[in-house]
Structure formats: structure tokens, C-alpha cells
file structure_4.txt (compact mmCIF, C-alpha atoms)
# COMPACT_ATOMS: atom_id res chain seq x y z
CA MET A 1 69.80 82.92 99.57
CA PHE A 2 66.48 84.13 101.03
CA PHE A 3 68.11 87.08 102.85
CA PRO A 4 70.02 88.73 99.96
CA LEU A 5 67.19 88.01 97.51
CA SER A 6 64.67 89.69 99.80
CA LYS A 7 66.88 92.79 100.03
CA VAL A 8 67.15 93.11 96.25
CA ILE A 9 63.43 92.54 95.66
CA PHE A 10 62.40 95.01 98.34
CA PHE A 11 64.74 97.63 96.83
CA LEU A 12 63.09 97.28 93.44
CA ILE A 13 59.44 97.17 94.53
CA THR A 14 59.60 99.73 97.34
CA PRO A 15 56.91 102.22 96.22
CA SER A 16 59.09 105.34 96.16
CA ASN A 17 61.85 103.54 94.24
CA PHE A 18 59.42 101.86 91.85
CA LEU A 19 57.63 105.12 91.04
CA ILE A 20 60.92 106.94 90.43
CA PHE A 21 62.15 104.12 88.15
CA ALA A 22 58.82 104.21 86.28
CA THR A 23 59.12 107.97 85.74
CA LEU A 24 62.73 107.76 84.53
CA PHE A 25 62.07 104.80 82.26
CA GLY A 26 59.00 106.53 80.84
CA ALA A 27 61.04 109.65 80.14
CA LEU A 28 63.55 107.56 78.19
CA LEU A 29 60.76 106.00 76.14
CA LEU A 30 59.44 109.43 75.15
CA VAL A 31 62.34 109.82 72.70
CA ALA A 32 61.25 106.71 70.79
CA ALA A 33 58.44 107.52 68.35
CA ARG A 34 56.69 104.16 68.67
CA LEU A 35 56.86 104.11 72.46
CA ARG A 36 55.91 107.69 73.30
CA ARG A 37 52.42 106.72 74.49
CA THR A 38 53.88 104.04 76.79
CA GLY A 39 56.50 106.47 78.01
CA ALA A 40 53.92 109.17 78.72
CA SER A 41 51.79 106.65 80.62
CA LEU A 42 54.74 105.62 82.80
CA VAL A 43 55.68 109.24 83.52
CA LEU A 44 52.08 109.98 84.48
CA LEU A 45 51.94 106.85 86.65
CA GLY A 46 55.12 107.80 88.44
CA ALA A 47 54.15 111.43 88.99
CA LEU A 48 50.64 110.65 90.23
CA GLY A 49 51.90 107.80 92.39
CA LEU A 50 54.49 110.01 94.07
CA ALA A 51 51.92 112.75 94.65
CA ILE A 52 49.16 110.50 95.98
CA GLY A 53 51.49 108.30 98.00
CA GLY A 54 53.38 111.25 99.42
CA LEU A 55 50.63 113.75 100.18
CA GLY A 56 47.54 111.56 100.59
CA PRO A 57 46.52 109.26 103.47
CA LEU A 58 47.36 106.03 101.62
CA SER A 59 50.19 105.17 104.00
CA GLU A 60 47.93 105.60 107.02
CA ILE A 61 45.27 103.39 105.43
CA LEU A 62 47.86 100.62 105.06
CA LEU A 63 49.52 101.10 108.45
CA LEU A 64 46.42 101.29 110.64
CA PRO A 65 45.33 97.61 110.33
CA LEU A 66 48.85 96.62 111.41
CA GLU A 67 49.16 99.06 114.29
CA GLN A 68 45.65 98.41 115.60
CA ARG A 69 46.05 94.62 115.49
CA PHE A 70 47.38 94.38 119.06
CA PRO A 71 46.16 96.57 121.91
CA PRO A 72 48.66 98.60 123.95
CA SER A 73 50.22 96.62 126.76
CA PRO A 74 48.47 97.25 130.12
CA ALA A 75 50.45 99.08 132.78
CA ASP A 76 49.44 96.62 135.51
CA GLY A 77 49.62 92.84 135.63
CA PRO A 78 52.10 90.35 137.05
CA PRO A 79 55.80 90.88 136.42
CA PRO A 80 56.99 89.11 133.27
CA THR A 81 59.55 86.33 133.28
CA GLY A 82 61.49 88.17 130.64
CA ILE A 83 61.47 91.02 128.14
CA ILE A 84 62.55 90.65 124.52
CA VAL A 85 63.40 93.74 122.50
CA LEU A 86 63.95 93.38 118.77
CA GLY A 87 66.63 95.33 116.98
CA GLY A 88 65.88 97.89 114.31
CA GLY A 89 65.98 101.08 116.35
CA ILE A 90 69.75 101.65 116.42
CA GLU A 91 71.92 102.71 113.49
CA ALA A 92 74.71 100.24 114.20
CA GLY A 93 77.16 101.44 111.55
CA LEU A 94 76.81 105.11 112.51
CA SER A 95 76.96 104.25 116.21
CA GLU A 96 80.20 102.36 115.71
CA ALA A 97 81.73 105.12 113.59
CA ARG A 98 80.79 107.92 116.01
CA GLY A 99 81.28 106.04 119.26
CA GLN A 100 77.82 106.82 120.60
CA VAL A 101 74.26 105.51 120.38
CA ILE A 102 72.51 106.81 117.26
CA VAL A 103 68.88 105.81 116.89
CA ASN A 104 66.47 106.03 113.97
CA ASP A 105 62.68 106.36 113.67
CA ALA A 106 62.25 103.14 115.69
CA GLY A 107 64.33 104.45 118.59
CA GLU A 108 61.50 103.71 121.03
CA ARG A 109 62.60 100.08 121.07
CA PRO A 110 65.84 100.61 123.07
CA ILE A 111 64.13 103.35 125.09
CA TYR A 112 61.52 100.90 126.35
CA LEU A 113 64.21 98.31 127.00
CA ALA A 114 65.56 100.67 129.66
CA ASP A 115 62.10 101.55 130.97
CA LEU A 116 60.98 97.93 131.35
CA ALA A 117 64.30 96.95 132.90
CA ARG A 118 63.70 99.57 135.59
CA ARG A 119 60.06 98.60 136.14
CA PHE A 120 60.78 94.88 136.38
CA PRO A 121 64.13 94.46 138.13
CA THR A 122 63.91 90.65 138.25
CA ALA A 123 62.93 90.09 134.61
CA ARG A 124 65.41 88.59 132.18
CA LEU A 125 66.38 91.05 129.45
CA VAL A 126 66.99 89.93 125.88
CA PHE A 127 68.07 92.18 123.02
CA SER A 128 67.87 90.44 119.65
CA GLY A 129 69.51 92.17 116.74
CA GLY A 130 72.28 91.21 114.35
CA SER A 131 73.41 92.95 111.19
CA GLY A 132 70.90 93.74 108.48
CA PHE A 133 73.56 94.21 105.82
CA ILE A 134 74.48 91.72 103.14
CA GLY A 135 78.00 90.52 103.82
CA GLY A 136 77.98 91.34 107.51
CA GLY A 137 78.62 94.42 109.60
CA ILE A 138 78.44 95.42 113.24
CA ALA A 139 75.44 93.93 115.05
CA GLU A 140 72.97 96.10 116.95
CA ALA A 141 73.32 93.81 119.96
CA ASP A 142 77.05 94.59 120.04
CA ILE A 143 76.30 98.33 120.13
CA VAL A 144 73.84 97.75 122.98
CA SER A 145 76.51 95.79 124.82
CA ARG A 146 79.06 98.58 124.46
CA GLN A 147 76.62 101.39 125.21
CA ALA A 148 74.46 99.73 127.86
CA ASP A 149 75.23 102.44 130.43
CA THR A 150 74.26 105.17 127.97
CA ILE A 151 70.96 103.47 127.21
CA GLY A 152 70.37 102.98 130.94
CA VAL A 153 70.38 99.17 131.07
CA PRO A 154 72.60 97.18 133.45
CA ARG A 155 75.03 95.27 131.21
CA THR A 156 75.09 92.38 133.68
CA ARG A 157 71.37 91.71 133.10
CA LEU A 158 71.51 91.67 129.30
CA ILE A 159 71.20 88.51 127.23
CA LEU A 160 72.39 89.43 123.75
CA GLU A 161 71.49 87.69 120.50
CA ASN A 162 73.66 89.13 117.72
CA ARG A 163 73.31 86.66 114.83
CA SER A 164 69.79 87.34 113.54
CA ARG A 165 69.33 89.20 110.26
CA ASN A 166 65.54 89.24 110.08
CA THR A 167 62.42 88.66 112.19
CA HIS A 168 62.33 84.93 111.54
CA GLU A 169 65.86 84.58 112.89
CA ASN A 170 65.05 86.89 115.84
CA ALA A 171 62.47 84.35 116.98
CA GLN A 172 64.44 81.20 116.21
CA PHE A 173 67.71 82.32 117.79
CA THR A 174 66.06 83.89 120.84
CA ALA A 175 64.05 80.74 121.56
CA ALA A 176 67.22 78.65 121.31
CA LEU A 177 69.04 81.08 123.59
CA VAL A 178 66.60 81.38 126.50
CA HIS A 179 64.68 78.04 126.29
CA PRO A 180 61.27 79.37 127.44
CA LYS A 181 59.30 77.08 129.74
CA PRO A 182 55.53 76.49 129.73
CA GLY A 183 53.69 79.02 131.85
CA GLU A 184 56.35 81.71 131.59
CA ARG A 185 55.26 85.16 130.43
CA TRP A 186 57.58 87.04 128.11
CA ARG A 187 56.92 90.52 126.74
CA LEU A 188 57.91 91.23 123.16
CA VAL A 189 58.85 94.82 122.36
CA THR A 190 58.86 95.96 118.76
CA SER A 191 57.19 98.55 116.54
CA ALA A 192 53.39 98.40 116.46
CA TRP A 193 53.33 98.04 112.66
CA HIS A 194 55.81 95.13 112.93
CA MET A 195 54.10 93.35 115.82
CA PRO A 196 51.82 90.96 113.81
CA ARG A 197 54.74 89.47 111.87
CA ALA A 198 56.97 89.36 114.95
CA VAL A 199 54.39 87.60 117.13
CA GLY A 200 53.68 85.15 114.31
CA CYS A 201 57.37 84.26 114.05
CA PHE A 202 57.68 83.68 117.79
CA ARG A 203 54.55 81.51 117.82
CA GLN A 204 55.94 79.45 114.95
CA ALA A 205 59.12 79.00 116.99
CA GLY A 206 57.04 77.64 119.88
CA PHE A 207 57.60 80.77 121.95
CA THR A 208 54.49 82.37 123.48
CA VAL A 209 54.92 86.12 123.97
CA ASP A 210 52.79 89.07 125.08
CA ALA A 211 52.81 92.01 122.69
CA PHE A 212 54.24 95.32 123.90
CA PRO A 213 53.88 97.57 120.83
CA VAL A 214 55.85 100.83 120.59
CA ASP A 215 56.93 103.21 117.80
CA TYR A 216 53.43 104.05 116.53
CA ARG A 217 53.26 105.92 113.22
CA THR A 218 49.52 106.68 113.32
CA ARG A 219 47.23 108.35 115.86
CA GLY A 220 44.20 106.18 115.11
CA TRP A 221 41.51 105.67 112.49
CA GLY A 222 40.96 109.41 112.21
CA ASP A 223 44.25 109.60 110.29
CA ILE A 224 42.58 108.27 107.13
CA ALA A 225 41.20 111.80 106.67
CA ARG A 226 44.55 113.52 107.18
CA PHE A 227 46.96 114.66 104.48
CA ASN A 228 50.73 114.96 104.78
CA GLY A 229 52.42 118.32 104.84
CA PHE A 230 55.53 116.90 103.18
CA ALA A 231 55.53 114.26 100.45
CA SER A 232 58.73 112.78 101.85
CA ASP A 233 56.91 111.90 105.10
CA GLY A 234 54.11 110.12 103.29
CA LEU A 235 56.45 108.20 101.00
CA LEU A 236 58.58 107.07 103.95
CA GLN A 237 55.50 105.66 105.68
CA LEU A 238 54.18 104.16 102.45
CA ASP A 239 57.46 102.32 101.84
CA LEU A 240 57.32 101.00 105.40
CA ALA A 241 53.72 99.82 105.14
CA VAL A 242 54.06 98.10 101.76
CA LYS A 243 57.26 96.36 102.84
CA GLU A 244 55.53 95.05 105.96
CA TRP A 245 52.46 93.74 104.10
CA ILE A 246 54.72 92.02 101.57
CA GLY A 247 56.77 90.62 104.45
CA LEU A 248 53.64 89.15 106.03
CA ALA A 249 52.69 87.42 102.79
CA VAL A 250 56.20 86.10 102.13
CA TYR A 251 56.64 84.86 105.70
CA ARG A 252 53.31 83.01 105.58
CA TRP A 253 54.23 81.46 102.23
CA ALA A 254 57.64 80.41 103.61
CA GLY A 255 56.06 78.89 106.73
CA TYR A 256 57.66 81.40 109.11
CA THR A 257 54.28 82.45 110.59
CA PRO A 258 51.14 80.39 111.27
CA ASP A 259 48.68 82.99 109.91
CA TRP A 260 48.49 85.64 107.21
CA LEU A 261 47.90 88.36 109.79
CA PRO A 262 48.66 87.10 113.31
CA GLY A 263 46.64 88.70 116.07
CA PRO A 264 46.00 88.34 119.79
CA GLU A 265 45.29 84.82 120.96
CA ALA A 266 41.76 84.09 122.19
CA PRO A 267 41.53 83.82 125.99
CA GLU A 268 41.64 80.28 127.31
CA GLY A 269 38.19 78.74 127.59
CA SER A 270 36.61 81.17 125.10
CA ALA A 271 34.68 79.71 122.19
CA SER A 272 34.81 81.12 118.72
CA ARG A 273 31.54 82.04 117.04

call {"tool": "encode", "arguments": {"input": "structure_4.txt", "output": "C-alpha cells"}}
result
Amino acid sequence: MFFPLSKVIFFLITPSNFLIFATLFGALLLVAARLRRTGASLVLLGALGLAIGGLGPLSEILLLPLEQRFPPSPADGPPPTGIIVLGGGIEAGLSEARGQVIVNDAGERPIYLADLARRFPTARLVFSGGSGFIGGGIAEADIVSRQADTIGVPRTRLILENRSRNTHENAQFTAALVHPKPGERWRLVTSAWHMPRAVGCFRQAGFTVDAFPVDYRTRGWGDIARFNGFASDGLLQLDLAVKEWIGLAVYRWAGYTPDWLPGPEAPEGSASR
């Protein structure tokens, strides 16, 4: 029930959708004499919201605390026991229909799967990604399995998890699949803006991971002074940011993460002040 309900709620409260609905509903109310003021207010709200959210730096202001939460993964260090890459970067339905790998804005995820596989030839490789559609559909992990050579990953090294529909299930099913042992170091690859929620889910599953953020949408704190050249770009990022902040709150309320905004763990032996 949680999965389909979350999809419906997110559709309705996604900023771009909500502002369009508000504008259309307000326009309908303008024809009613008693509700013209309410209708005009909704139209104004929708128009201003679309303009500010699309052209202003609001999306960057919301994304930066998420993307800056974990530092970039260092290039050196001991080889990891394994590498976990979360789905979300491959358009599974389009890939199946066209018979080739088709990626979206998060396409860095499968790209870095191939890069890390090359850099760490003894590491275990896990790709976790089922179908995000209500009622089923082709899983991302199945596309990766079919197109492993195209992506540049040896199929024989891949451990595929194709049942998960969300981040909570990514963590639960992956932990049950690989049975991590104490002292092992696993790198978790996902989008920088998604990393806090992902790390929180893995911690709640008893799986300690090192963050390897990719797919950045901001350059840094200087972006709060930048404006978008196209409103569609700003609205796309705003939808993404609001959905992620809502996801963090819902996951904490549901007990899927241990903190409201998971961050890096304090080094062993350090004392908090």
C-alpha cells in the first residue's frame, strides 16, 4: 500500500504539477461571481510559483544541503569489498523497447559502475534496481544484465537485485543478498542529492557503506546567486529537490532511516562536542 500511495501523493504535490493545478482550478473559479477573488489568488499563486520556481535559484537552495551532505569519495584508499550501485539512471521501458541502453539525467550511476569495476577488479559488484512502476514492468537490473557488455561491466561479476521498488527495498534486499560481514567496506553509488536517504536506509538495514556520490545537479554554494535560463530546467530540479526532502521526512516517520538527515559517521574514537 505504501508504494502506490506514495506515487499518487508525489504526483499531486510535485511543485510543477501543484502549481499548474492551482492555476487551472483558479481559472475555473473566475467564472463564479462569489469565488472570483479566490480564483484570482490561485491563478496568481500558480503563475508566480512557476516563475520563481523555474527561473529563480530556489531549486539550488533546496538541493545544496543534500548534495553537500557527503564529501566526494577520495580517489585513494584501500580497495573496497564491494560496490553497490542503485538503479534510477536507466530508462528500463525505453531500453527494452529499443533494444539498447537508454539513460536519463542520473546516467552517471551505471557509468561509475563500469569505472569502479575496472578500478577494483576484485570487488564484488551489486546493481540494485527493480521496477518503479505500479503493477510491475521490466526491472533496471534486468536491462543491466542484458546490456552488461555495452555498459562495460563483466556480466560474470554482477550480482543483480531486481525486486526493489524504492530506496528502502534497495537496502533491505541488497543486505539479504550479499550478507555483509563486520569490517567489510562497501561503496554505495547513487546521486549526490539522494545519498543522505540512501545511506540512512542502508544503516537501518544494518549495512555500513561508504558514500560515493555522483550525478551532481549543483556546482556549489555559489549557485544560490544563479538564475536559470529556462524555466523548465528550474522546475525539473525543484520537483526533484522537494520530492527528496519529503522522502526524507516520510522515511524517518516510517522508521526506514535512523535520522532526519543522515550524514557521515563520526570517526571512531572522536568525541562529540

call {"tool": "closest_residue", "arguments": {"input": "structure_4.txt", "among": "A:Thr122, A:Thr14, A:Thr218, A:Thr81", "to": "Leu240 of chain A", "atoms": "all atoms listed in the file"}}
result
A:Thr14

call {"tool": "residues_around", "arguments": {"input": "structure_4.txt", "residues": "Pro79 of chain A", "least_positions_apart": "3", "cutoff": "12 Å", "atoms": "only C-alpha atoms", "output": "PyMOL selection string"}}
result
chain A and resi 74-76+82-83+116-124+184-187+210

call {"tool": "atom_distance", "arguments": {"input": "structure_4.txt", "atom1": "atom CA of Thr38 of chain A", "atom2": "atom CA of Phe18 of chain A"}}
result
16.2 Å

call {"tool": "closest_residue", "arguments": {"input": "structure_4.txt", "among": "A:Ile61, A:Val31, A:Ala141, A:Ala51", "to": "Ile90 of chain A", "atoms": "all atoms listed in the file"}}
result
A:Ala141

call {"tool": "closest_residue", "arguments": {"input": "structure_4.txt", "among": "A:Gln68, A:Val101, A:Arg197, A:Thr190", "to": "Gly152 of chain A", "atoms": "all atoms listed in the file"}}
result
A:Val101

call {"tool": "atom_distance", "arguments": {"input": "structure_4.txt", "atom1": "atom CA of Gly49 of chain A", "atom2": "atom CA of Leu62 of chain A"}}
result
15.1 Å

call {"tool": "residues_near_point", "arguments": {"input": "structure_4.txt", "point": "(75.1, 93.4, 132.1)", "cutoff": "12 Å", "atoms": "all atoms listed in the file", "output": "list of chain:residue names"}}
result
A:Ala117, A:Arg124, A:Leu125, A:Val126, A:Phe127, A:Val144, A:Ser145, A:Arg146, A:Gln147, A:Ala148, A:Asp149, A:Ile151, A:Gly152, A:Val153, A:Pro154, A:Arg155, A:Thr156, A:Arg157, A:Leu158, A:Ile159, A:Leu160

call {"tool": "axis_aligned_box", "arguments": {"input": "structure_4.txt", "around": "segment 238-246 of chain A", "padding_each_side": "3 Å", "output": "JSON"}}
result
{"center_x": 55.0, "center_y": 98.1, "center_z": 103.8, "size_x": 11.0, "size_y": 18.1, "size_z": 10.4}

call {"tool": "atom_distance", "arguments": {"input": "structure_4.txt", "atom1": "atom CA of Phe173 of chain A", "atom2": "atom CA of Gly129 of chain A"}}
result
10.1 Å

call {"tool": "residues_around", "arguments": {"input": "structure_4.txt", "residues": "Tyr256 of chain A", "least_positions_apart": "2", "cutoff": "8 Å", "atoms": "only C-alpha atoms", "output": "PyMOL selection string"}}
result
chain A and resi 168+200-201+204+251-254+258

call {"tool": "write_last_selection", "arguments": {"input": "structure_4.txt", "atoms": "C-alpha atoms", "output": "short mmCIF file (atom, residue, chain, number, x, y, z; two decimals), in the frame of the given file"}}
result
data_model
loop_
_atom_site.label_atom_id
_atom_site.label_comp_id
_atom_site.auth_asym_id
_atom_site.auth_seq_id
_atom_site.Cartn_x
_atom_site.Cartn_y
_atom_site.Cartn_z
CA HIS A 168 62.33 84.93 111.54
CA GLY A 200 53.68 85.15 114.31
CA CYS A 201 57.37 84.26 114.05
CA GLN A 204 55.94 79.45 114.95
CA TYR A 251 56.64 84.86 105.70
CA ARG A 252 53.31 83.01 105.58
CA TRP A 253 54.23 81.46 102.23
CA ALA A 254 57.64 80.41 103.61
CA PRO A 258 51.14 80.39 111.27
#

call {"tool": "residues_around", "arguments": {"input": "structure_4.txt", "residues": "segment 93-99 of chain A", "least_positions_apart": "2", "cutoff": "9 Å", "atoms": "all atoms listed in the file", "output": "JSON list (two decimals) with C-alpha atoms, in the coordinates of the input"}}
result
[["chain", "number", "residue", "atom", "x", "y", "z"],
["A", 90, "ILE", "CA", 69.75, 101.65, 116.42],
["A", 91, "GLU", "CA", 71.92, 102.71, 113.49],
["A", 101, "VAL", "CA", 74.26, 105.51, 120.38],
["A", 102, "ILE", "CA", 72.51, 106.81, 117.26],
["A", 103, "VAL", "CA", 68.88, 105.81, 116.89],
["A", 137, "GLY", "CA", 78.62, 94.42, 109.60],
["A", 138, "ILE", "CA", 78.44, 95.42, 113.24],
["A", 139, "ALA", "CA", 75.44, 93.93, 115.05],
["A", 140, "GLU", "CA", 72.97, 96.10, 116.95],
["A", 143, "ILE", "CA", 76.30, 98.33, 120.13],
["A", 147, "GLN", "CA", 76.62, 101.39, 125.21]]

call {"tool": "closest_residue", "arguments": {"input": "structure_4.txt", "among": "A:Arg34, A:Leu64, A:Leu50, A:Asp115", "to": "Arg219 of chain A", "atoms": "all atoms listed in the file"}}
result
A:Leu64

call {"tool": "residues_around", "arguments": {"input": "structure_4.txt", "residues": "Phe21 of chain A", "least_positions_apart": "3", "cutoff": "12 Å", "atoms": "all atoms listed in the file", "output": "list in words"}}
result
Phe11, Leu12, Ile13, Thr14, Pro15, Ser16, Asn17, Phe18, Leu24, Phe25, Gly26, Ala27, Leu28, Gly39, Leu42, Val43, Leu45, Gly46, Ala47, Gly49 and Leu50 of chain A

call {"tool": "residues_near_point", "arguments": {"input": "structure_4.txt", "point": "(55.6, 91.8, 117.2)", "cutoff": "10 Å", "atoms": "all atoms listed in the file", "output": "NGL selection string"}}
result
:A and (70 or 85-86 or 167 or 187-202 or 209-214 or 262-263)

call {"tool": "write_last_selection", "arguments": {"input": "structure_4.txt", "atoms": "C-alpha atoms", "output": "PDB file, in the coordinates of the input"}}
result
ATOM      1  CA  PHE A  70      47.380  94.380 119.060  1.00  0.00           C
ATOM      2  CA  VAL A  85      63.400  93.740 122.500  1.00  0.00           C
ATOM      3  CA  LEU A  86      63.950  93.380 118.770  1.00  0.00           C
ATOM      4  CA  THR A 167      62.420  88.660 112.190  1.00  0.00           C
ATOM      5  CA  ARG A 187      56.920  90.520 126.740  1.00  0.00           C
ATOM      6  CA  LEU A 188      57.910  91.230 123.160  1.00  0.00           C
ATOM      7  CA  VAL A 189      58.850  94.820 122.360  1.00  0.00           C
ATOM      8  CA  THR A 190      58.860  95.960 118.760  1.00  0.00           C
ATOM      9  CA  SER A 191      57.190  98.550 116.540  1.00  0.00           C
ATOM     10  CA  ALA A 192      53.390  98.400 116.460  1.00  0.00           C
ATOM     11  CA  TRP A 193      53.330  98.040 112.660  1.00  0.00           C
ATOM     12  CA  HIS A 194      55.810  95.130 112.930  1.00  0.00           C
ATOM     13  CA  MET A 195      54.100  93.350 115.820  1.00  0.00           C
ATOM     14  CA  PRO A 196      51.820  90.960 113.810  1.00  0.00           C
ATOM     15  CA  ARG A 197      54.740  89.470 111.870  1.00  0.00           C
ATOM     16  CA  ALA A 198      56.970  89.360 114.950  1.00  0.00           C
ATOM     17  CA  VAL A 199      54.390  87.600 117.130  1.00  0.00           C
ATOM     18  CA  GLY A 200      53.680  85.150 114.310  1.00  0.00           C
ATOM     19  CA  CYS A 201      57.370  84.260 114.050  1.00  0.00           C
ATOM     20  CA  PHE A 202      57.680  83.680 117.790  1.00  0.00           C
ATOM     21  CA  VAL A 209      54.920  86.120 123.970  1.00  0.00           C
ATOM     22  CA  ASP A 210      52.790  89.070 125.080  1.00  0.00           C
ATOM     23  CA  ALA A 211      52.810  92.010 122.690  1.00  0.00           C
ATOM     24  CA  PHE A 212      54.240  95.320 123.900  1.00  0.00           C
ATOM     25  CA  PRO A 213      53.880  97.570 120.830  1.00  0.00           C
ATOM     26  CA  VAL A 214      55.850 100.830 120.590  1.00  0.00           C
ATOM     27  CA  PRO A 262      48.660  87.100 113.310  1.00  0.00           C
ATOM     28  CA  GLY A 263      46.640  88.700 116.070  1.00  0.00           C
TER      29      GLY A 263
END

call {"tool": "closest_residue", "arguments": {"input": "structure_4.txt", "among": "A:Gln237, A:Gln100, A:Ser232, A:Thr150", "to": "Arg217 of chain A", "atoms": "all atoms listed in the file"}}
result
A:Gln237

call {"tool": "build_atoms", "arguments": {"input": "structure_4.txt", "residues": "segment 7-16 of chain A", "atoms": "all heavy atoms", "output": "mmCIF file, keeping the file's coordinate frame"}}
result
data_model
loop_
_atom_site.group_PDB
_atom_site.id
_atom_site.type_symbol
_atom_site.label_atom_id
_atom_site.label_comp_id
_atom_site.auth_asym_id
_atom_site.auth_seq_id
_atom_site.Cartn_x
_atom_site.Cartn_y
_atom_site.Cartn_z
ATOM 1 N N LYS A 7 66.383 91.423 100.052
ATOM 2 C CA LYS A 7 66.880 92.790 100.030
ATOM 3 C C LYS A 7 66.796 93.393 98.626
ATOM 4 O O LYS A 7 66.399 94.549 98.454
ATOM 5 C CB LYS A 7 68.324 92.826 100.539
ATOM 6 C CG LYS A 7 68.508 92.454 101.993
ATOM 7 C CD LYS A 7 67.870 93.466 102.916
ATOM 8 C CE LYS A 7 68.138 93.149 104.374
ATOM 9 N NZ LYS A 7 67.502 94.121 105.303
ATOM 10 N N VAL A 8 67.170 92.614 97.628
ATOM 11 C CA VAL A 8 67.150 93.110 96.250
ATOM 12 C C VAL A 8 65.712 93.358 95.799
ATOM 13 O O VAL A 8 65.396 94.397 95.195
ATOM 14 C CB VAL A 8 67.848 92.105 95.312
ATOM 15 C CG1 VAL A 8 67.674 92.532 93.855
ATOM 16 C CG2 VAL A 8 69.324 91.996 95.660
ATOM 17 N N ILE A 9 64.826 92.406 96.082
ATOM 18 C CA ILE A 9 63.430 92.540 95.660
ATOM 19 C C ILE A 9 62.779 93.741 96.330
ATOM 20 O O ILE A 9 62.080 94.541 95.685
ATOM 21 C CB ILE A 9 62.652 91.248 95.953
ATOM 22 C CG1 ILE A 9 63.154 90.115 95.047
ATOM 23 C CG2 ILE A 9 61.152 91.462 95.745
ATOM 24 C CD1 ILE A 9 62.514 88.776 95.337
ATOM 25 N N PHE A 10 62.995 93.888 97.634
ATOM 26 C CA PHE A 10 62.400 95.010 98.340
ATOM 27 C C PHE A 10 62.918 96.345 97.801
ATOM 28 O O PHE A 10 62.183 97.327 97.735
ATOM 29 C CB PHE A 10 62.673 94.915 99.843
ATOM 30 C CG PHE A 10 61.721 94.015 100.577
ATOM 31 C CD1 PHE A 10 62.181 93.101 101.500
ATOM 32 C CD2 PHE A 10 60.357 94.074 100.338
ATOM 33 C CE1 PHE A 10 61.308 92.268 102.186
ATOM 34 C CE2 PHE A 10 59.473 93.249 101.009
ATOM 35 C CZ PHE A 10 59.944 92.344 101.931
ATOM 36 N N PHE A 11 64.193 96.391 97.399
ATOM 37 C CA PHE A 11 64.740 97.630 96.830
ATOM 38 C C PHE A 11 64.000 98.002 95.548
ATOM 39 O O PHE A 11 63.677 99.169 95.316
ATOM 40 C CB PHE A 11 66.229 97.458 96.544
ATOM 41 C CG PHE A 11 66.826 98.609 95.768
ATOM 42 C CD1 PHE A 11 67.124 99.807 96.396
ATOM 43 C CD2 PHE A 11 67.083 98.482 94.406
ATOM 44 C CE1 PHE A 11 67.662 100.872 95.673
ATOM 45 C CE2 PHE A 11 67.624 99.541 93.685
ATOM 46 C CZ PHE A 11 67.910 100.727 94.320
ATOM 47 N N LEU A 12 63.702 97.019 94.728
ATOM 48 C CA LEU A 12 63.090 97.280 93.440
ATOM 49 C C LEU A 12 61.611 97.622 93.537
ATOM 50 O O LEU A 12 61.104 98.446 92.763
ATOM 51 C CB LEU A 12 63.283 96.075 92.504
ATOM 52 C CG LEU A 12 64.723 95.764 92.099
ATOM 53 C CD1 LEU A 12 64.780 94.476 91.299
ATOM 54 C CD2 LEU A 12 65.326 96.912 91.300
ATOM 55 N N ILE A 13 60.898 96.977 94.469
ATOM 56 C CA ILE A 13 59.440 97.170 94.530
ATOM 57 C C ILE A 13 59.014 98.143 95.627
ATOM 58 O O ILE A 13 57.815 98.395 95.773
ATOM 59 C CB ILE A 13 58.710 95.828 94.720
ATOM 60 C CG1 ILE A 13 59.052 95.215 96.093
ATOM 61 C CG2 ILE A 13 59.034 94.869 93.602
ATOM 62 C CD1 ILE A 13 58.286 93.939 96.382
ATOM 63 N N THR A 14 59.953 98.692 96.389
ATOM 64 C CA THR A 14 59.600 99.730 97.340
ATOM 65 C C THR A 14 58.893 100.855 96.587
ATOM 66 O O THR A 14 59.407 101.327 95.562
ATOM 67 C CB THR A 14 60.853 100.270 98.043
ATOM 68 O OG1 THR A 14 61.410 99.228 98.849
ATOM 69 C CG2 THR A 14 60.530 101.470 98.911
ATOM 70 N N PRO A 15 57.706 101.280 97.016
ATOM 71 C CA PRO A 15 56.910 102.220 96.220
ATOM 72 C C PRO A 15 57.659 103.450 95.728
ATOM 73 O O PRO A 15 57.562 103.805 94.541
ATOM 74 C CB PRO A 15 55.772 102.597 97.175
ATOM 75 C CG PRO A 15 55.594 101.391 98.025
ATOM 76 C CD PRO A 15 56.981 100.834 98.224
ATOM 77 N N SER A 16 58.402 104.127 96.607
ATOM 78 C CA SER A 16 59.090 105.340 96.160
ATOM 79 C C SER A 16 60.123 105.031 95.089
ATOM 80 O O SER A 16 60.241 105.762 94.090
ATOM 81 C CB SER A 16 59.743 106.052 97.350
ATOM 82 O OG SER A 16 60.669 105.198 98.005
#
